[in-house]
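Visitor: The structure is given below, and queries will be raised subsequently.
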Amino acid sequence: MIEEATNRLKLLEILAGSEGQIVPSSTLTDALALSRQAAFKLIGALRGEGLDIESVPQKGYILNSIYQTQAMSPTLIDFLLRTNQLFSKCYYYPEVDSTQAVAKKFAWDNTPAGVVVTTDSQTEGRGRRGRSWISPAGKNLYFSILLRPNLKPGDVQLLNLAAGIAVRETLIQEYGVDAELKWPNDVLSGGKKICGILSEAAGDADKIYYAITGIGVNVNMSADDLSADLKKTATSMLIEKHCAISRPILLRDIFSRFSELMRVLENPDAGVEKLLSIYRQSCDTIGKEVRVIQDDEEFQGRALDVTGQGALIVEIDGKEKAFAAADVHHLRLK
Ligand code: BTN
């Protein structure tokens, strides 16, 4: 099975190297030391993953539209992540309860850091504070990353901050989506939620054994996919940009930034401070008038800064109060 996955990847690498052009069958069979029949079977498997591979009789194969595809092809995702230093192995499932739950199983099986679990559909997608995360099939990105950072349990929030920066930057810089980062890690577009992030960790007083950072991005969901209630608070890249986005490419783009930020964070030479300084520049909450809801209590004040562990400092009636976890609403001043 591992050999088959490796061969699929090698085959895709060769086809992708000549995207849109005929690759002779002999090139494939020679490179993989396989019979024509075995190569044909692998081509069938890649097509089964949703990749558009044309057969040209007596000549060979053409791979089309690899950078536009909507298919969450596991081989394509491995191909796109092959140069990523931190996230290079992806496990794809057509449907799961929650990618968080699957990634947790990997964590307890001693799987090394950097493994990604992704799916086309979640039946029990989880949000922050026990909420659910709507996860319609084939539309959005749902993934969880297994990390084993050299951090203390109280620092898990920093992973959320890094993931939030990564998504915000990707949406703005690569896709021209107007994205705002609301503390701690909600990414909004036009004031509506476009991405949610959830980090869960296990460890002892001194050290995290593992952390799972789960990210859900509303990619190709249309307004019709949203209930009347959700329409008021949620949006998607399709709704904002009026064009469908390739989910595997978006995944690659987010990972490219997230792995850079993880490198920053894990740098023993003031990495945490550097990450916080990037966060302070990216977070739209800082400097805003906010309403904060924590354990059924409501506060209003001006968000001033974040602490070294990513808690939000709010000035309320002249006094500073730090919130480690809460729901925040940006208020528009009249
Ligand atoms: C939030 O409430 O804003 C956090 C939402 C996190 C959703 C993602 S989707 C992938 C991963 N699997 C889950 O069940 N939840 C996270």
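Scheme for the structure tokens: letters A, B, ... for chains in order shown; per-chain residue numbers from 1; ligand numbers from 1 in order shown.
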Would you mind listing the residues within 8 Å of ligand 1, counting only C-alpha atoms and all ligand atoms, as a ChimeraX atom specification?
Guide: /A:97-101,118,122,124-129,131-133,135,141-144,185-186,195-198,213-217
Visitor: Give me the residues within 9 Å of Gly301 in chain A as a ChimeraX atom specification, counting only C-alpha atoms and dropping any in the same chain fewer than 5 places off.
Guide: /A:288-292,314-318
Visitor: Running DSSP on the backbone, which parts of range 75-317 of chain A land in alpha helix (DSSP H), as a ChimeraX atom specification?
Guide: /A:75-81,99-108,157-175,228-233,237-241,247-266,271-282
Visitor: Using only C-alpha atoms, determine which residues lie at most 8 Å from Leu76 in chain A, disregarding the query and same-chain residues fewer than 4 positions distant; provide the list as an MDAnalysis selection string.
Guide: chainID A and resid 9 12 72 80 248
Visitor: Write a file of the selected residues as a PDB file, in the first residue's frame, keeping C-alpha atoms.
Guide:
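Output file result_6.pdb is given in full below:
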```pdb
ATOM      1  CA  LEU A   9       3.144  10.290  -6.224  1.00  0.00           C
ATOM      2  CA  LEU A  12       1.953  12.477 -10.638  1.00  0.00           C
ATOM      3  CA  MET A  72      -9.156  16.753  -2.647  1.00  0.00           C
ATOM      4  CA  LEU A  80       1.778  20.074  -3.300  1.00  0.00           C
ATOM      5  CA  PRO A 248      -5.768  21.673  -2.539  1.00  0.00           C
TER       6      PRO A 248
END
```
Visitor: If you run DSSP over the backbone, which residues in range 103-315 of chain A end up strand (DSSP E)? Put them as a ChimeraX atom specification.
Guide: /A:115-119,141-147,180-182,186-189,192-203,208-217,289-294,297-306,312-315
Visitor: Would you mind listing what lies within 9 Å of range 152-165 of chain A as a PyMOL selection string, with only C-alpha atoms counted and same-chain residues fewer than 4 positions away left out?
Guide: chain A and resi 169-170+181-187+195-209+211+213+215+254+257-258+261-262+265+272+275-276+278-279+282-283+308-311+324
Visitor: What lies within 12 Å of Pro74 in chain A using only C-alpha atoms, ignoring chain neighbours under 4 positions off, as JSON, numbers by chain?
Guide: {"A": [5, 6, 8, 9, 12, 45, 46, 47, 48, 49, 50, 51, 70, 78, 79, 80, 81, 88, 89, 90, 91, 92, 93, 94, 116, 117, 118, 119, 120, 247, 248, 251]}
Visitor: With a distance cut-off of 12 Å and only C-alpha atoms, select the neighbouring residues of range 229-235 of chain A, excluding the residue or stretch itself and same-chain residues fewer than 6 positions from it, and output the selection as a ChimeraX atom specification.
Guide: /A:133-134,140,177-179,186-196,217-223,241-242,329
Visitor: Pick the closest to Ile249 in chain A from A:Ile22, A:Ile77, A:Gly44, A:Ile53: which is it, counting only C-alpha atoms?
Guide: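 Answer, going by the shortest atom-to-atom distance: A:Ile77.
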Visitor: Taking only C-alpha atoms into account, which of A:Ile286, A:Leu304, A:Ala103, A:Ala31 comes nearest His330 in chain A?
Guide: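 Of A:Ile286, A:Leu304, A:Ala103, A:Ala31, the one nearest His330 in chain A, counting only C-alpha atoms, is A:Ile286.
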Visitor: What's the separation between CA of Val56 in chain A and CA of Asn7 in chain A, in Å to one decimal place?
Guide: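 Computing it gives 21.1 Å between the two atoms.
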Visitor: What separation in Å, quoted to one decimal, exists between CA of Glu174 in chain A and CA of Leu250 in chain A?
Guide: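 Distance between the two atoms: 8.8 Å.
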Visitor: Just how far from CA of Glu3 in chain A is CA of Leu34 in chain A, in Å to one decimal?
Guide: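 Computing it gives 12.1 Å between the two atoms.
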Visitor: Taking only C-alpha atoms into account, which of A:Pro24, A:Tyr210, A:Ala137, A:Val167 comes nearest Pro112 in chain A?
Guide: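 Checking each candidate against Pro112 in chain A, we get A:Tyr210 as the closest.
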